Structure formats: C-alpha cells, structure tokens
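Heads up, target.pdb below (PDB, C-alpha atoms):
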ATOM      1  CA  PRO A   1      76.962  88.548  95.187
ATOM      2  CA  GLN A   2      78.409  89.035  91.716
ATOM      3  CA  PRO A   3      77.902  92.465  90.169
ATOM      4  CA  PRO A   4      75.608  92.504  87.107
ATOM      5  CA  GLY A   5      77.393  91.297  84.011
ATOM      6  CA  GLY A   6      79.465  88.651  85.781
ATOM      7  CA  PRO A   7      82.586  88.955  87.944
ATOM      8  CA  ARG A   8      84.519  92.207  87.861
ATOM      9  CA  ARG A   9      87.923  91.970  86.226
ATOM     10  CA  LYS A  10      90.452  93.233  88.705
ATOM     11  CA  THR A  11      93.280  95.353  87.427
ATOM     12  CA  VAL A  12      96.546  93.609  88.077
ATOM     13  CA  ARG A  13      99.083  95.492  90.140
ATOM     14  CA  TRP A  14     102.741  94.580  89.876
ATOM     15  CA  HIS A  15     104.202  96.863  92.532
ATOM     16  CA  ILE A  16     103.049  98.396  95.774
ATOM     17  CA  ASP A  17     103.096 102.190  96.058
ATOM     18  CA  LEU A  18     106.197 103.287  97.923
ATOM     19  CA  GLN A  19     105.715 105.956 100.579
ATOM     20  CA  PRO A  20     107.880 109.090 100.425
ATOM     21  CA  TRP A  21     111.158 108.850 102.309
ATOM     22  CA  ALA A  22     110.885 109.663 106.003
ATOM     23  CA  SER A  23     113.412 112.493 105.684
ATOM     24  CA  PRO A  24     114.559 114.866 102.895
ATOM     25  CA  THR A  25     117.770 112.842 102.511
ATOM     26  CA  PRO A  26     117.150 109.082 102.792
ATOM     27  CA  SER A  27     118.634 107.772 106.020
ATOM     28  CA  LEU A  28     118.365 104.480 107.865
ATOM     29  CA  THR A  29     117.772 106.216 111.190
ATOM     30  CA  SER A  30     114.764 108.167 109.881
ATOM     31  CA  GLU A  31     113.296 105.108 108.156
ATOM     32  CA  ALA A  32     113.864 102.837 111.157
ATOM     33  CA  LEU A  33     112.360 105.262 113.668
ATOM     34  CA  ARG A  34     109.280 105.836 111.472
ATOM     35  CA  PHE A  35     108.797 102.102 110.905
ATOM     36  CA  LEU A  36     109.317 101.077 114.540
ATOM     37  CA  LYS A  37     106.979 103.787 115.790
ATOM     38  CA  TYR A  38     104.381 102.632 113.253
ATOM     39  CA  ILE A  39     104.453  98.964 114.291
ATOM     40  CA  SER A  40     104.371  99.893 117.986
ATOM     41  CA  THR A  41     101.322 102.179 117.803
ATOM     42  CA  SER A  42      97.808 100.725 117.912
ATOM     43  CA  GLN A  43      95.454 102.317 115.392
ATOM     44  CA  VAL A  44      92.258 100.976 116.918
ATOM     45  CA  SER A  45      91.568  99.817 120.446
ATOM     46  CA  CYS A  46      90.554  96.257 121.216
ATOM     47  CA  GLU A  47      89.333  95.330 124.696
ATOM     48  CA  ARG A  48      89.043  91.548 124.333
ATOM     49  CA  MET A  49      91.847  89.596 122.733
ATOM     50  CA  ASN A  50      91.943  86.251 124.528
ATOM     51  CA  LEU A  51      89.722  83.336 123.595
ATOM     52  CA  SER A  52      89.389  82.594 127.314
ATOM     53  CA  SER A  53      87.415  85.836 127.654
ATOM     54  CA  LEU A  54      84.613  84.209 125.622
ATOM     55  CA  GLY A  55      84.050  81.943 128.599
ATOM     56  CA  GLY A  56      83.966  84.945 130.930
ATOM     57  CA  ASP A  57      87.504  84.423 132.274
ATOM     58  CA  ALA A  58      89.631  87.459 132.991
ATOM     59  CA  GLU A  59      92.448  88.126 130.550
ATOM     60  CA  THR A  60      95.716  87.177 132.170
ATOM     61  CA  THR A  61      98.753  87.106 129.921
ATOM     62  CA  LYS A  62      99.222  89.098 126.759
ATOM     63  CA  LYS A  63      99.818  86.480 124.095
ATOM     64  CA  PRO A  64     101.663  87.052 120.846
ATOM     65  CA  TRP A  65      98.846  85.553 118.743
ATOM     66  CA  SER A  66      96.000  87.945 119.464
ATOM     67  CA  VAL A  67      92.671  88.258 117.677
ATOM     68  CA  CYS A  68      90.112  90.967 118.387
ATOM     69  CA  LEU A  69      86.898  89.655 119.925
ATOM     70  CA  ASP A  70      85.174  93.000 120.472
ATOM     71  CA  GLU A  71      81.483  92.985 119.551
ATOM     72  CA  ARG A  72      81.883  95.714 116.910
ATOM     73  CA  PHE A  73      83.981  93.388 114.734
ATOM     74  CA  GLY A  74      82.617  90.302 113.028
ATOM     75  CA  LEU A  75      84.914  87.600 114.392
ATOM     76  CA  VAL A  76      83.252  87.006 117.763
ATOM     77  CA  HIS A  77      79.833  86.678 116.080
ATOM     78  CA  ARG A  78      81.181  84.199 113.546
ATOM     79  CA  ILE A  79      82.789  82.138 116.324
ATOM     80  CA  ARG A  80      79.486  82.029 118.215
ATOM     81  CA  SER A  81      77.580  80.939 115.103
ATOM     82  CA  LYS A  82      80.326  78.371 114.288
ATOM     83  CA  GLN A  83      80.966  80.032 110.907
ATOM     84  CA  CYS A  84      84.525  81.106 111.577
ATOM     85  CA  ARG A  85      87.477  80.007 109.425
ATOM     86  CA  LEU A  86      91.157  80.338 110.319
ATOM     87  CA  TYR A  87      94.095  79.732 107.990
ATOM     88  CA  SER A  88      97.449  79.251 109.688
ATOM     89  CA  LEU A  89     100.699  79.356 107.693
ATOM     90  CA  GLY A  90     103.669  77.730 109.372
ATOM     91  CA  LEU A  91     106.994  76.042 108.737
ATOM     92  CA  GLY A  92     107.361  73.045 111.012
ATOM     93  CA  ASN A  93     106.605  75.026 114.142
ATOM     94  CA  ASP A  94     105.322  72.591 116.766
ATOM     95  CA  ASP A  95     103.376  75.113 118.814
ATOM     96  CA  ASN A  96      99.780  74.770 117.679
ATOM     97  CA  GLN A  97      98.090  75.929 120.884
ATOM     98  CA  PHE A  98      96.464  78.918 119.159
ATOM     99  CA  GLU A  99      95.067  76.739 116.356
ATOM    100  CA  VAL A 100      93.727  74.133 118.792
ATOM    101  CA  SER A 101      92.024  76.748 120.963
ATOM    102  CA  MET A 102      90.472  78.443 117.897
ATOM    103  CA  ALA A 103      89.161  75.046 116.733
ATOM    104  CA  LYS A 104      87.750  74.348 120.205
ATOM    105  CA  SER A 105      85.983  77.684 120.260
ATOM    106  CA  GLY A 106      84.183  76.850 117.004
ATOM    107  CA  CYS A 107      86.451  77.827 114.104
ATOM    108  CA  GLU A 108      87.208  75.629 111.120
ATOM    109  CA  VAL A 109      91.019  75.663 111.194
ATOM    110  CA  HIS A 110      93.331  74.893 108.275
ATOM    111  CA  ARG A 111      97.036  74.739 109.048
ATOM    112  CA  PHE A 112      99.403  74.786 106.070
ATOM    113  CA  ASP A 113     102.790  73.298 106.803
ATOM    114  CA  PRO A 114     105.132  71.629 104.273
ATOM    115  CA  SER A 115     106.713  69.467 107.003
ATOM    116  CA  ILE A 116     103.673  67.350 107.931
ATOM    117  CA  LYS A 117     103.689  63.607 107.167
ATOM    118  CA  SER A 118     100.743  63.216 104.792
ATOM    119  CA  ALA A 119      98.921  65.435 102.306
ATOM    120  CA  HIS A 120      95.892  66.108 104.545
ATOM    121  CA  ILE A 121      95.295  65.152 108.173
ATOM    122  CA  GLN A 122      92.139  65.860 110.146
ATOM    123  CA  GLU A 123      92.550  66.170 113.903
ATOM    124  CA  GLY A 124      89.283  66.429 115.798
ATOM    125  CA  ARG A 125      86.174  67.931 114.279
ATOM    126  CA  ARG A 126      87.502  71.275 113.159
ATOM    127  CA  LEU A 127      91.266  71.090 112.666
ATOM    128  CA  TRP A 128      92.941  70.136 109.373
ATOM    129  CA  TYR A 129      96.618  69.991 108.493
ATOM    130  CA  HIS A 130      97.666  70.323 104.856
ATOM    131  CA  ARG A 131     101.115  69.571 103.471
ATOM    132  CA  LEU A 132     101.222  72.785 101.501
ATOM    133  CA  SER A 133     103.483  75.769 101.645
ATOM    134  CA  VAL A 134     102.054  79.211 100.919
ATOM    135  CA  ASP A 135     104.279  81.335  98.704
ATOM    136  CA  TRP A 136     104.060  84.659  96.832
ATOM    137  CA  ARG A 137     103.998  82.913  93.438
ATOM    138  CA  ASP A 138     102.665  79.667  92.040
ATOM    139  CA  PRO A 139     105.245  77.155  90.833
ATOM    140  CA  ASN A 140     106.050  77.297  87.132
ATOM    141  CA  PRO A 141     105.627  73.748  85.756
ATOM    142  CA  ALA A 142     108.151  74.506  83.003
ATOM    143  CA  ILE A 143     110.954  74.960  85.528
ATOM    144  CA  ALA A 144     112.307  71.639  86.781
ATOM    145  CA  ALA A 145     113.201  72.979  90.241
ATOM    146  CA  HIS A 146     109.641  74.270  90.647
ATOM    147  CA  ARG A 147     108.157  70.859  89.878
ATOM    148  CA  LEU A 148     109.733  69.607  93.098
ATOM    149  CA  HIS A 149     107.774  72.283  94.946
ATOM    150  CA  SER A 150     104.374  71.662  93.420
ATOM    151  CA  ASN A 151     102.936  71.684  96.938
ATOM    152  CA  THR A 152     103.800  75.399  97.062
ATOM    153  CA  LYS A 153     100.973  77.754  96.103
ATOM    154  CA  LYS A 154      99.772  81.306  96.467
ATOM    155  CA  LEU A 155      97.074  81.872  99.051
ATOM    156  CA  GLY A 156      94.600  83.064  96.402
ATOM    157  CA  THR A 157      95.109  79.794  94.510
ATOM    158  CA  ILE A 158      94.480  77.730  97.662
ATOM    159  CA  LEU A 159      91.308  79.704  98.465
ATOM    160  CA  ASN A 160      90.003  78.980  94.963
ATOM    161  CA  GLU A 161      90.896  75.282  95.147
ATOM    162  CA  PHE A 162      89.277  74.892  98.585
ATOM    163  CA  GLY A 163      86.216  76.866  97.469
ATOM    164  CA  HIS A 164      86.645  79.340 100.322
ATOM    165  CA  GLN A 165      85.530  82.928  99.695
ATOM    166  CA  LYS A 166      86.632  84.327 103.027
ATOM    167  CA  ILE A 167      89.045  83.726 105.891
ATOM    168  CA  ASP A 168      88.143  85.249 109.238
ATOM    169  CA  VAL A 169      91.719  85.071 110.529
ATOM    170  CA  LEU A 170      94.992  84.553 108.679
ATOM    171  CA  LYS A 171      97.873  83.701 111.002
ATOM    172  CA  ALA A 172     101.377  83.570 109.508
ATOM    173  CA  ASP A 173     104.668  82.498 111.033
ATOM    174  CA  VAL A 174     106.731  81.964 107.903
ATOM    175  CA  GLU A 175     110.260  82.928 108.959
ATOM    176  CA  SER A 176     110.967  85.975 106.772
ATOM    177  CA  ALA A 177     108.771  85.028 103.789
ATOM    178  CA  GLU A 178     106.037  87.199 105.336
ATOM    179  CA  TRP A 179     106.976  90.401 103.471
ATOM    180  CA  LYS A 180     106.645  88.894  99.994
ATOM    181  CA  ILE A 181     103.531  86.908 100.972
ATOM    182  CA  LEU A 182     101.931  90.077 102.328
ATOM    183  CA  GLU A 183     102.892  91.935  99.150
ATOM    184  CA  ASN A 184     101.229  89.222  97.047
ATOM    185  CA  LEU A 185      98.031  89.378  99.146
ATOM    186  CA  ILE A 186      97.904  93.159  98.663
ATOM    187  CA  LEU A 187      98.707  93.167  94.934
ATOM    188  CA  GLU A 188      96.126  90.455  94.194
ATOM    189  CA  ASP A 189      93.531  91.979  96.551
ATOM    190  CA  VAL A 190      93.340  88.747  98.553
ATOM    191  CA  VAL A 191      93.521  90.806 101.776
ATOM    192  CA  GLU A 192      89.965  91.972 101.117
ATOM    193  CA  GLN A 193      88.841  88.380 101.740
ATOM    194  CA  ILE A 194      90.468  88.348 105.197
ATOM    195  CA  GLY A 195      88.924  89.597 108.457
ATOM    196  CA  GLN A 196      91.994  89.705 110.727
ATOM    197  CA  LEU A 197      95.689  89.295 110.044
ATOM    198  CA  VAL A 198      98.141  88.072 112.678
ATOM    199  CA  PHE A 199     101.663  88.068 111.258
ATOM    200  CA  GLU A 200     105.028  87.449 112.830
ATOM    201  CA  VAL A 201     107.467  89.847 111.152
ATOM    202  CA  HIS A 202     111.236  89.451 111.186
ATOM    203  CA  ILE A 203     113.441  92.501 110.853
ATOM    204  CA  HIS A 204     116.940  91.149 111.550
ATOM    205  CA  TRP A 205     117.477  90.899 107.762
ATOM    206  CA  PRO A 206     115.511  92.130 104.725
ATOM    207  CA  GLY A 207     113.646  88.849 104.146
ATOM    208  CA  PHE A 208     113.376  86.573 101.118
ATOM    209  CA  GLU A 209     113.696  88.406  97.788
ATOM    210  CA  VAL A 210     113.642  91.838  99.411
ATOM    211  CA  SER A 211     116.532  93.819  97.946
ATOM    212  CA  GLY A 212     118.103  97.244  98.221
ATOM    213  CA  ASN A 213     120.164  99.049 100.814
ATOM    214  CA  ASP A 214     118.991  99.171 104.429
ATOM    215  CA  SER A 215     116.986 102.391 104.217
ATOM    216  CA  THR A 216     115.293 101.166 100.991
ATOM    217  CA  VAL A 217     114.335  97.901 102.712
ATOM    218  CA  VAL A 218     112.785  99.648 105.725
ATOM    219  CA  ARG A 219     110.890 102.064 103.466
ATOM    220  CA  TYR A 220     109.516  99.031 101.585
ATOM    221  CA  TRP A 221     108.396  97.340 104.841
ATOM    222  CA  TYR A 222     106.708 100.556 105.960
ATOM    223  CA  SER A 223     105.044 101.051 102.560
ATOM    224  CA  LEU A 224     103.624  97.516 102.666
ATOM    225  CA  LEU A 225     102.015  98.154 106.050
ATOM    226  CA  ARG A 226     100.634 101.499 104.850
ATOM    227  CA  GLU A 227      99.008  99.611 101.941
ATOM    228  CA  LEU A 228      97.146  97.526 104.536
ATOM    229  CA  GLU A 229      95.980 100.715 106.206
ATOM    230  CA  LEU A 230      94.695 102.031 102.851
ATOM    231  CA  LYS A 231      92.632  98.836 102.628
ATOM    232  CA  ASP A 232      91.062  99.700 105.997
ATOM    233  CA  PHE A 233      93.134  97.331 108.108
ATOM    234  CA  ARG A 234      93.966  98.749 111.524
ATOM    235  CA  LEU A 235      96.715  97.556 113.836
ATOM    236  CA  PHE A 236      95.289  96.659 117.254
ATOM    237  CA  HIS A 237      98.054  94.671 118.932
ATOM    238  CA  THR A 238     101.860  94.482 118.858
ATOM    239  CA  TYR A 239     103.909  91.852 120.646
ATOM    240  CA  LYS A 240     107.633  92.586 120.831
ATOM    241  CA  ASP A 241     109.478  89.301 121.308
ATOM    242  CA  LEU A 242     112.203  89.862 123.875
ATOM    243  CA  SER A 243     113.240  86.189 123.796
ATOM    244  CA  LYS A 244     114.602  86.592 120.240
ATOM    245  CA  PRO A 245     117.859  88.397 119.368
ATOM    246  CA  GLN A 246     117.471  92.156 119.685
ATOM    247  CA  MET A 247     118.612  92.975 116.155
ATOM    248  CA  PHE A 248     117.568  95.372 113.417
ATOM    249  CA  LEU A 249     119.029  94.576 109.976
ATOM    250  CA  LYS A 250     121.941  92.626 111.469
ATOM    251  CA  LYS A 251     122.812  95.295 114.033
ATOM    252  CA  ALA A 252     121.812  95.878 117.637
ATOM    253  CA  ALA A 253     120.129  99.225 117.077
ATOM    254  CA  PHE A 254     117.056 101.368 117.805
ATOM    255  CA  ASN A 255     116.139  99.195 120.815
ATOM    256  CA  ALA A 256     114.424  96.872 118.318
ATOM    257  CA  SER A 257     113.710  93.170 118.588
ATOM    258  CA  SER A 258     114.308  90.976 115.545
ATOM    259  CA  CYS A 259     110.761  89.686 115.829
ATOM    260  CA  TYR A 260     107.318  91.227 116.380
ATOM    261  CA  THR A 261     103.835  89.737 116.127
ATOM    262  CA  LEU A 262     101.381  92.237 114.668
ATOM    263  CA  SER A 263      97.578  91.919 114.639
ATOM    264  CA  TRP A 264      95.264  93.871 112.332
ATOM    265  CA  VAL A 265      91.497  93.937 111.952
ATOM    266  CA  ASN A 266      89.828  94.649 108.604
ATOM    267  CA  THR A 267      87.376  97.392 109.630
ATOM    268  CA  ARG A 268      85.402  96.877 106.390
ATOM    269  CA  TRP A 269      84.846  93.209 107.191
ATOM    270  CA  GLN A 270      81.234  92.005 107.303
TER     271      GLN A 270
END

The structure given in the file should be rewritten as structure tokens.
Amino acid sequence: PQPPGGPRRKTVRWHIDLQPWASPTPSLTSEALRFLKYISTSQVSCERMNLSSLGGDAETTKKPWSVCLDERFGLVHRIRSKQCRLYSLGLGNDDNQFEVSMAKSGCEVHRFDPSIKSAHIQEGRRLWYHRLSVDWRDPNPAIAAHRLHSNTKKLGTILNEFGHQKIDVLKADVESAEWKILENLILEDVVEQIGQLVFEVHIHWPGFEVSGNDSTVVRYWYSLLRELELKDFRLFHTYKDLSKPQMFLKKAAFNASSCYTLSWVNTRWQ
C-alpha cells in the first residue's frame, strides 16, 4: 500500500558505504581472510533447501543453487499457493534445471538471457525466456554503442515494465557482472523487493568496472555484502565450486576457489 500523500520519494544513493579496513594498515591478506570467512559462514540456519523435500524426499546432494524452504520464511508458502515468482539472470548458460524445477513446483519463472533466439519464448505453463540482459545501468539512447544494446536494462526498469512489485527469488549467474549488478540493486533499493538472492560470485579478478588495487577490491566486495546484511539479508548457504580454477585475484592463494554460489534470505520479507 502507498503511504498517504502518494509514493515516497527515495533518496538516491550514488555509492555504497565502505567498511573500515580489516587491519590498521590495509593489506590483501587481512582483507582476503575477512572476506573469505564472511562468505563461508552461515548467518541463519536453513533446514530445507531442496525442492525435492517439498515432496517428502530426503535431501541428497548439496546443490549450488539453494533456496530456503523453511516454514518461517515466505517462499515455501508462496510456492504452495502458486504465487511464487523467480527471476533468473544468465548469459547463455544451458543448464536450466533449477529454473525448470522451480516452474514445476509452482513458480512463475522468468529467465533473462541475451543469447536466446527470439524476444520472448514461453516454455510450458510457467517458464518464460526473455532476450534481455540485466545490467547496472540503462542504455543511454544518445550513445550510438548503447543503441545496439537496447535489450540491456536495469532490474528495477524490468520490474516496472513487467508490472512486478516483488520477486521471491533472484538467481544470477552473470560471469563477473554480479558485483556491479548487486551494487545497483542496493543503491536503488531494489533488493527490498526480493525475498531470496542466489548469486554466483567470481573472485579470480575484480569484475566488470571494479577498480583499485587488490586490497581495495576485496574491501569493496566485503562492503557490498555487508550492505545486504544491513538490509536484513542473511546468508544461509555457501557452495564452493571445486571444479573451477582455485584462484583469488589471479593468484592461487588463501585456499580460495574462483567461484562461489551464495544464498541469502531477506528476513524482513512478507
């Protein structure tokens, strides 16, 4: 419901708040250890993470794409009442098993992928593919190069155009664009419209348009995730991908993988 006097005007934020350095003198080791500990530590427990558990099956394998289906969070109730909505951001990744199973369990699923053949494809009753790429900025029509990418939009813009107020789950596998996309969702308060976030993060290089020396980059990554925590998101699952190169900012260091899948639940979500 709108507050009296029409919609609230949100104050625009241009930058996230950076956390203090992890040590008195900035060092990559301190930043890396703080960050890696943070992404490896669950902040809230979740007992049921597999869709198969809805049918009473025992949970077998730990999957990278995990959602929390515990009764105290809204997702399982919205799946049961067939009111669930999932947005999936991808880049030509063929593996759509997670999306298909979410659609089968009763979610309306929208997969955004710039590589699909036509503008919109419906597959089955609840699964749509859209030839759209989600970015951290809308294209500027005055810039010729941007006109080529007019199927690139910010998530907030897509939500408005689709008339969707809320997304129960946002899944993103966007090959190193995730940091800037996440920053945009935080700065524009779009995260408050999302119930659970499942993001693949890549740490073998800083990521698109992330600049600074190595310790600055890691502090920025950490600060972004702390912003989520301030918005009442809690990390409940971490999947460390051992099949990917074990690299941290172009070096084999800190026993890190280059790729983790992180799942958060918005504890404020109704």

Protein and nucleic acid residues near (107.0, 100.7, 113.1) (cut-off 12 Å, only C-alpha atoms) as a VMD selection string: chain A and resid 30 to 43 201 203 218 to 226 235 238 240 248 254 256 to 257 259 to 262

Explicit residue set for the PyMOL selection byres ((chain A and resi 80-92) around 6), as an MDAnalysis selection string: chainID A and resid 77:79 93 106:113 115 167:174

Asn266 (chain A) environment, 12 Å, only C-alpha atoms, sequence neighbours closer than 2 positions dropped, as a ChimeraX atom specification: /A:43-44,67-68,72-75,167-170,191-198,228-236,263-264,268-270

Length of the CA of Met102 (chain A) to CA of Leu127 (chain A) vector [Å]: 9.1 Å

Atom pair CA of His204 (chain A) / CA of Asp17 (chain A): separation (Å):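 The value is 23.5 Å.
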
Residue members of the PyMOL selection byres ((chain A and resi 245) around 7) in the file shown, as a PyMOL selection string: chain A and resi 243-244+246-247+257-258

Resolved residues for the PyMOL selection byres ((chain A and resi 181) around 10) as an MDAnalysis selection string: chainID A and resid 134:137 154:155 172 174 176:180 182:187 208

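Taking CA of Ile158 (chain A) as the reference point, CA of Ile121 (chain A) is found at 16.4 Å.
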
Which of A:Ala103, A:Ser66, A:Phe98, A:Glu161 sits closest to Trp128 (chain A) [using all atoms listed in the file]: A:Ala103

Nearest residue to Glu99 (chain A) from the set A:Tyr129, A:Cys46, A:Leu18, A:Asp70 (distances using all atoms listed in the file):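 The answer is A:Tyr129, which sits nearest to Glu99 (chain A).
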
Which centre and which edge lengths, in Å to one decimal, describe the axis-aligned box that holds all listed atoms of region 82-85 of chain A after 8 Å is added on each side, as JSON?
{"center_x": 83.9, "center_y": 79.7, "center_z": 111.9, "size_x": 23.2, "size_y": 18.7, "size_z": 20.9}

Polymer residues at most 12 Å from (123.4, 99.6, 102.2) by all atoms listed in the file, as a ChimeraX atom specification: /A:26-28,205-206,211-218,249-250
